[in-house]
Amino acid sequence: MPKYSVIISAYNVEKYINQAIDSVLNQKTDNIELLVFDDCSTDNTANIINAYDDPKIHKYLSFKNVGPGAGRNRMLSKATGEYIMFLDGDDYFEPNVIETLEKYNNHNQYDLVVFNYNRVYPDGQCVKSNVGKRANTIYTGAWNKLYRAEVAKGGRFEESIYFEDVRYALETFNLAKNVGLVDQALVGYRQKRVNQITGGTDAKRHLDIVPATKKLVSDIERDRITNGDILEELNSQFFTHAFLALMAKDQDSKKVMDSIIQAQKSLNGWNGKYSDSKMINLKDKMLMLLMSGHQYKLAQMLGDALLNN
């Protein structure tokens, strides 16, 4: 049994998949398996994956596009490592990921280790993240973390919707008994490439944050999740996606924003605990008041000012 399982989910990333795979295979360990899932790509991605002949790689080529959530769930069921990690097919590991995590985790045996990442822009600029080890600071992507297998397999990705990572990141955090933090940036996360799944600006996709968090909201309402930081992060997700829907400024913006706000109000009230959080600045509180009061034009004007500042 390998110590580490790395899961790569890929769709139409022919320009990047080589770097993603090589960045895993070139880690300074042989105690690793790589599970690569191609989600019925329409470009050359599957052929590139198939060309690899390495005993550490397990290749899974889907004949139907099922989305990243379903693909990751399938790979989770096949992973055999003691620890599990994720990587998107257009991103890459830094050369020392496994070595760094091995040294850090050997002393503590964490259930979950969170680490920073670099946002990599087309002009070559890299901007380091600033994550923490509380639920509202971990970043709700799946790939900037090392999971003990029992924790990784205890979570589930939402399927057939956007923002499938949110449930998984917070669900696994809730399962972890101890959480570690590595300050070093260990993953390169590409920004603003064509066809990136998180790169769109249409309002409708932001409505998916409601079904993406439905299970978490239910668990909070039933006291299965009692961590206040998880509640705060859910509020942050609702606020962020309501704001982004409004700022898309298309025909669905107002309707989508109102729907997200209504879902958030049902959780704990738009101007309740979340607006009292020390993490929320005055400008965001003003935005929240304008948005919840249906002051669309004023909220958009303030949003423009904040985004262009």
# chains A, B, ... in the order shown; residues from 1 in each chain; ligands from 1

call {"tool": "select_by_dssp", "arguments": {"residues": "segment 83-285 of chain A", "states": "strand (DSSP E)", "output": "PyMOL selection string"}}
result
chain A and resi 83-88+92-93+112-120+126-128+145-148+179-190

call {"tool": "select_by_dssp", "arguments": {"residues": "segment 17-192 of chain A", "states": "helix (DSSP H, G or I)", "output": "ChimeraX atom specification"}}
result
/A:17-25,45-50,68-78,97-106,149-152,164-175

call {"tool": "atom_distance", "arguments": {"atom1": "atom CA of Leu302 of chain A", "atom2": "atom CA of Phe239 of chain A"}}
result
14.7 Å

call {"tool": "residues_around", "arguments": {"residues": "segment 77-83 of chain A", "least_positions_apart": "2", "cutoff": "9 Å", "atoms": "only C-alpha atoms", "output": "list of chain:residue names"}}
result
A:Met1, A:Pro2, A:Lys3, A:Tyr4, A:Ser5, A:Val6, A:Ile7, A:Asn31, A:Ile32, A:Glu33, A:Leu34, A:Leu35, A:Arg72, A:Asn73, A:Arg74, A:Met75, A:Met85, A:Asp111, A:Leu146, A:Tyr147, A:Arg148, A:Ala149, A:Glu150, A:Ala152, A:Lys153

call {"tool": "write_last_selection", "arguments": {"atoms": "N, CA, C and O atoms", "output": "mmCIF file, in the first residue's frame"}}
result
data_model
loop_
_atom_site.group_PDB
_atom_site.id
_atom_site.type_symbol
_atom_site.label_atom_id
_atom_site.label_comp_id
_atom_site.auth_asym_id
_atom_site.auth_seq_id
_atom_site.Cartn_x
_atom_site.Cartn_y
_atom_site.Cartn_z
ATOM 1 N N MET A 1 0.842 -1.197 0.000
ATOM 2 C CA MET A 1 0.000 0.000 0.000
ATOM 3 C C MET A 1 0.875 1.243 0.000
ATOM 4 O O MET A 1 1.748 1.396 0.851
ATOM 5 N N PRO A 2 0.664 2.167 -0.955
ATOM 6 C CA PRO A 2 1.458 3.403 -0.974
ATOM 7 C C PRO A 2 1.081 4.307 0.200
ATOM 8 O O PRO A 2 -0.035 4.219 0.729
ATOM 9 N N LYS A 3 1.996 5.154 0.584
ATOM 10 C CA LYS A 3 1.689 6.076 1.674
ATOM 11 C C LYS A 3 0.825 7.233 1.170
ATOM 12 O O LYS A 3 -0.038 7.736 1.897
ATOM 13 N N TYR A 4 1.066 7.648 -0.078
ATOM 14 C CA TYR A 4 0.358 8.814 -0.616
ATOM 15 C C TYR A 4 -0.407 8.454 -1.882
ATOM 16 O O TYR A 4 0.127 7.798 -2.777
ATOM 17 N N SER A 5 -1.648 8.896 -1.952
ATOM 18 C CA SER A 5 -2.450 8.828 -3.176
ATOM 19 C C SER A 5 -2.717 10.257 -3.629
ATOM 20 O O SER A 5 -3.184 11.082 -2.842
ATOM 21 N N VAL A 6 -2.429 10.543 -4.884
ATOM 22 C CA VAL A 6 -2.719 11.857 -5.464
ATOM 23 C C VAL A 6 -3.754 11.665 -6.561
ATOM 24 O O VAL A 6 -3.591 10.814 -7.443
ATOM 25 N N ILE A 7 -4.822 12.442 -6.501
ATOM 26 C CA ILE A 7 -5.918 12.349 -7.463
ATOM 27 C C ILE A 7 -5.911 13.580 -8.360
ATOM 28 O O ILE A 7 -5.986 14.710 -7.873
ATOM 29 N N ASN A 31 6.939 6.153 -2.822
ATOM 30 C CA ASN A 31 5.842 5.638 -2.017
ATOM 31 C C ASN A 31 4.548 6.402 -2.325
ATOM 32 O O ASN A 31 3.921 6.992 -1.444
ATOM 33 N N ILE A 32 4.164 6.367 -3.621
ATOM 34 C CA ILE A 32 3.074 7.218 -4.073
ATOM 35 C C ILE A 32 2.339 6.547 -5.222
ATOM 36 O O ILE A 32 2.930 5.809 -6.012
ATOM 37 N N GLU A 33 1.041 6.766 -5.296
ATOM 38 C CA GLU A 33 0.265 6.362 -6.465
ATOM 39 C C GLU A 33 -0.443 7.591 -7.012
ATOM 40 O O GLU A 33 -0.824 8.491 -6.255
ATOM 41 N N LEU A 34 -0.606 7.625 -8.313
ATOM 42 C CA LEU A 34 -1.251 8.750 -8.970
ATOM 43 C C LEU A 34 -2.473 8.236 -9.732
ATOM 44 O O LEU A 34 -2.349 7.399 -10.627
ATOM 45 N N LEU A 35 -3.641 8.718 -9.357
ATOM 46 C CA LEU A 35 -4.877 8.345 -10.030
ATOM 47 C C LEU A 35 -5.311 9.521 -10.904
ATOM 48 O O LEU A 35 -5.590 10.614 -10.393
ATOM 49 N N ARG A 72 -13.880 12.973 -8.844
ATOM 50 C CA ARG A 72 -13.106 12.855 -7.598
ATOM 51 C C ARG A 72 -13.713 11.822 -6.660
ATOM 52 O O ARG A 72 -12.979 11.067 -6.000
ATOM 53 N N ASN A 73 -15.040 11.768 -6.590
ATOM 54 C CA ASN A 73 -15.672 10.751 -5.739
ATOM 55 C C ASN A 73 -15.296 9.346 -6.200
ATOM 56 O O ASN A 73 -15.043 8.460 -5.379
ATOM 57 N N ARG A 74 -15.266 9.134 -7.503
ATOM 58 C CA ARG A 74 -14.894 7.821 -8.032
ATOM 59 C C ARG A 74 -13.446 7.485 -7.669
ATOM 60 O O ARG A 74 -13.135 6.346 -7.297
ATOM 61 N N MET A 75 -12.566 8.457 -7.807
ATOM 62 C CA MET A 75 -11.154 8.204 -7.518
ATOM 63 C C MET A 75 -10.913 7.996 -6.027
ATOM 64 O O MET A 75 -10.044 7.209 -5.636
ATOM 65 N N MET A 85 -4.237 13.342 -1.507
ATOM 66 C CA MET A 85 -4.157 14.727 -1.959
ATOM 67 C C MET A 85 -4.869 14.849 -3.300
ATOM 68 O O MET A 85 -5.069 13.859 -4.006
ATOM 69 N N ASP A 111 -4.565 14.747 11.091
ATOM 70 C CA ASP A 111 -5.636 14.244 10.235
ATOM 71 C C ASP A 111 -5.751 15.076 8.961
ATOM 72 O O ASP A 111 -6.191 14.577 7.916
ATOM 73 N N LEU A 146 -3.487 18.070 2.740
ATOM 74 C CA LEU A 146 -3.133 16.655 2.871
ATOM 75 C C LEU A 146 -4.125 16.047 3.848
ATOM 76 O O LEU A 146 -4.282 16.539 4.968
ATOM 77 N N TYR A 147 -4.804 14.966 3.434
ATOM 78 C CA TYR A 147 -5.840 14.346 4.244
ATOM 79 C C TYR A 147 -5.418 12.945 4.679
ATOM 80 O O TYR A 147 -4.947 12.155 3.848
ATOM 81 N N ARG A 148 -5.630 12.618 5.938
ATOM 82 C CA ARG A 148 -5.563 11.216 6.314
ATOM 83 C C ARG A 148 -6.700 10.499 5.571
ATOM 84 O O ARG A 148 -7.799 11.046 5.435
ATOM 85 N N ALA A 149 -6.450 9.291 5.096
ATOM 86 C CA ALA A 149 -7.399 8.612 4.212
ATOM 87 C C ALA A 149 -8.797 8.503 4.823
ATOM 88 O O ALA A 149 -9.804 8.697 4.129
ATOM 89 N N GLU A 150 -8.873 8.198 6.124
ATOM 90 C CA GLU A 150 -10.181 8.064 6.761
ATOM 91 C C GLU A 150 -10.972 9.366 6.709
ATOM 92 O O GLU A 150 -12.199 9.356 6.568
ATOM 93 N N ALA A 152 -10.384 11.838 4.390
ATOM 94 C CA ALA A 152 -10.656 12.109 2.967
ATOM 95 C C ALA A 152 -11.865 11.334 2.470
ATOM 96 O O ALA A 152 -12.721 11.873 1.750
ATOM 97 N N LYS A 153 -11.965 10.073 2.853
ATOM 98 C CA LYS A 153 -13.059 9.231 2.383
ATOM 99 C C LYS A 153 -14.354 9.475 3.159
ATOM 100 O O LYS A 153 -15.427 8.980 2.765
#

call {"tool": "residues_around", "arguments": {"residues": "Met257 of chain A", "least_positions_apart": "3", "cutoff": "9 Å", "atoms": "only C-alpha atoms", "output": "number ranges by chain"}}
result
A: 203, 206-207, 241-246, 252-254, 260-262, 291

call {"tool": "residues_around", "arguments": {"residues": "segment 43-53 of chain A", "least_positions_apart": "5", "cutoff": "6 Å", "atoms": "only C-alpha atoms", "output": "list of chain:residue names"}}
result
A:Asn12, A:Val13, A:Glu14

call {"tool": "write_last_selection", "arguments": {"atoms": "C-alpha atoms", "output": "CSV table (one decimal), in the first residue's frame"}}
result
chain,number,residue,atom,x,y,z
A,12,ASN,CA,-9.7,19.7,-21.8
A,13,VAL,CA,-6.3,20.7,-20.3
A,14,GLU,CA,-4.0,19.4,-23.1

call {"tool": "residues_around", "arguments": {"residues": "Val36 of chain A", "least_positions_apart": "3", "cutoff": "8 Å", "atoms": "only C-alpha atoms", "output": "PyMOL selection string"}}
result
chain A and resi 7-10+49+57-60

call {"tool": "atom_distance", "arguments": {"atom1": "atom CA of Asn108 of chain A", "atom2": "atom CA of Asp165 of chain A"}}
result
26.1 Å

call {"tool": "closest_residue", "arguments": {"among": "A:Met301, A:Val97, A:Ile220, A:Leu290", "to": "Ser266 of chain A", "atoms": "only C-alpha atoms"}}
result
A:Ile220

call {"tool": "atom_distance", "arguments": {"atom1": "atom CA of Arg134 of chain A", "atom2": "atom CA of Glu232 of chain A"}}
result
10.6 Å

call {"tool": "residues_around", "arguments": {"residues": "Tyr11 of chain A", "least_positions_apart": "6", "cutoff": "10 Å", "atoms": "only C-alpha atoms", "output": "mmCIF file with N, CA, C and O atoms, in the first residue's frame"}}
result
data_model
loop_
_atom_site.group_PDB
_atom_site.id
_atom_site.type_symbol
_atom_site.label_atom_id
_atom_site.label_comp_id
_atom_site.auth_asym_id
_atom_site.auth_seq_id
_atom_site.Cartn_x
_atom_site.Cartn_y
_atom_site.Cartn_z
ATOM 1 N N ILE A 17 -1.677 19.331 -18.791
ATOM 2 C CA ILE A 17 -1.735 18.046 -18.098
ATOM 3 C C ILE A 17 -0.362 17.404 -17.939
ATOM 4 O O ILE A 17 -0.099 16.741 -16.931
ATOM 5 N N PHE A 37 -7.925 10.978 -13.658
ATOM 6 C CA PHE A 37 -9.272 10.804 -14.205
ATOM 7 C C PHE A 37 -9.489 11.815 -15.318
ATOM 8 O O PHE A 37 -9.453 13.027 -15.092
ATOM 9 N N ASP A 38 -9.681 11.327 -16.537
ATOM 10 C CA ASP A 38 -10.034 12.211 -17.649
ATOM 11 C C ASP A 38 -11.544 12.187 -17.838
ATOM 12 O O ASP A 38 -12.149 11.129 -18.073
ATOM 13 N N ASP A 39 -12.154 13.364 -17.769
ATOM 14 C CA ASP A 39 -13.605 13.479 -17.762
ATOM 15 C C ASP A 39 -14.157 13.658 -19.176
ATOM 16 O O ASP A 39 -14.829 14.634 -19.476
ATOM 17 N N CYS A 40 -13.827 12.689 -20.052
ATOM 18 C CA CYS A 40 -14.316 12.692 -21.434
ATOM 19 C C CYS A 40 -13.908 13.972 -22.162
ATOM 20 O O CYS A 40 -14.740 14.664 -22.775
ATOM 21 N N SER A 41 -12.614 14.308 -22.095
ATOM 22 C CA SER A 41 -12.103 15.506 -22.759
ATOM 23 C C SER A 41 -12.332 15.430 -24.264
ATOM 24 O O SER A 41 -12.295 14.348 -24.872
ATOM 25 N N THR A 42 -12.551 16.586 -24.875
ATOM 26 C CA THR A 42 -12.750 16.652 -26.318
ATOM 27 C C THR A 42 -11.500 17.115 -27.051
ATOM 28 O O THR A 42 -11.507 17.221 -28.278
ATOM 29 N N ASP A 43 -10.429 17.411 -26.305
ATOM 30 C CA ASP A 43 -9.156 17.759 -26.936
ATOM 31 C C ASP A 43 -8.213 16.554 -26.821
ATOM 32 O O ASP A 43 -8.648 15.419 -26.781
ATOM 33 N N ASN A 44 -6.923 16.803 -26.727
ATOM 34 C CA ASN A 44 -5.933 15.717 -26.732
ATOM 35 C C ASN A 44 -5.543 15.250 -25.324
ATOM 36 O O ASN A 44 -4.585 14.482 -25.171
ATOM 37 N N THR A 45 -6.256 15.685 -24.312
ATOM 38 C CA THR A 45 -5.882 15.360 -22.931
ATOM 39 C C THR A 45 -5.791 13.857 -22.685
ATOM 40 O O THR A 45 -4.813 13.368 -22.105
ATOM 41 N N ALA A 46 -6.792 13.109 -23.109
ATOM 42 C CA ALA A 46 -6.813 11.667 -22.847
ATOM 43 C C ALA A 46 -5.637 10.962 -23.511
ATOM 44 O O ALA A 46 -5.033 10.052 -22.921
ATOM 45 N N ASN A 65 -19.031 12.758 -19.795
ATOM 46 C CA ASN A 65 -18.618 13.877 -18.957
ATOM 47 C C ASN A 65 -19.483 13.914 -17.702
ATOM 48 O O ASN A 65 -20.706 14.071 -17.779
ATOM 49 N N GLY A 67 -18.306 15.638 -14.668
ATOM 50 C CA GLY A 67 -17.959 16.768 -13.823
ATOM 51 C C GLY A 67 -16.903 16.418 -12.793
ATOM 52 O O GLY A 67 -16.715 15.242 -12.456
ATOM 53 N N PRO A 68 -16.192 17.424 -12.283
ATOM 54 C CA PRO A 68 -15.083 17.172 -11.353
ATOM 55 C C PRO A 68 -15.501 16.525 -10.039
ATOM 56 O O PRO A 68 -14.765 15.731 -9.472
ATOM 57 N N ASP A 88 -5.687 19.657 -9.560
ATOM 58 C CA ASP A 88 -6.427 19.868 -10.800
ATOM 59 C C ASP A 88 -5.493 19.680 -11.992
ATOM 60 O O ASP A 88 -4.290 19.928 -11.905
ATOM 61 N N GLY A 89 -6.070 19.288 -13.124
ATOM 62 C CA GLY A 89 -5.262 18.964 -14.285
ATOM 63 C C GLY A 89 -4.554 20.134 -14.918
ATOM 64 O O GLY A 89 -3.677 19.952 -15.772
ATOM 65 N N ASP A 90 -4.914 21.362 -14.534
ATOM 66 C CA ASP A 90 -4.242 22.538 -15.077
ATOM 67 C C ASP A 90 -3.334 23.213 -14.046
ATOM 68 O O ASP A 90 -2.802 24.293 -14.305
ATOM 69 N N ASN A 195 -11.457 28.895 -20.588
ATOM 70 C CA ASN A 195 -12.227 27.694 -20.238
ATOM 71 C C ASN A 195 -12.033 27.223 -18.803
ATOM 72 O O ASN A 195 -12.492 26.146 -18.456
ATOM 73 N N GLN A 196 -11.352 27.994 -17.947
ATOM 74 C CA GLN A 196 -11.221 27.571 -16.556
ATOM 75 C C GLN A 196 -12.598 27.561 -15.922
ATOM 76 O O GLN A 196 -13.371 28.506 -16.079
ATOM 77 N N ILE A 197 -12.929 26.500 -15.194
ATOM 78 C CA ILE A 197 -14.296 26.307 -14.701
ATOM 79 C C ILE A 197 -14.712 27.405 -13.739
ATOM 80 O O ILE A 197 -15.873 27.747 -13.622
#

call {"tool": "closest_residue", "arguments": {"among": "A:Ala185, A:Val179, A:Leu267, A:Leu87", "to": "Ser129 of chain A", "atoms": "only C-alpha atoms"}}
result
A:Ala185

call {"tool": "closest_residue", "arguments": {"among": "A:Glu159, A:Asp208, A:Asp229, A:Glu221", "to": "Ser259 of chain A", "atoms": "only C-alpha atoms"}}
result
A:Asp208
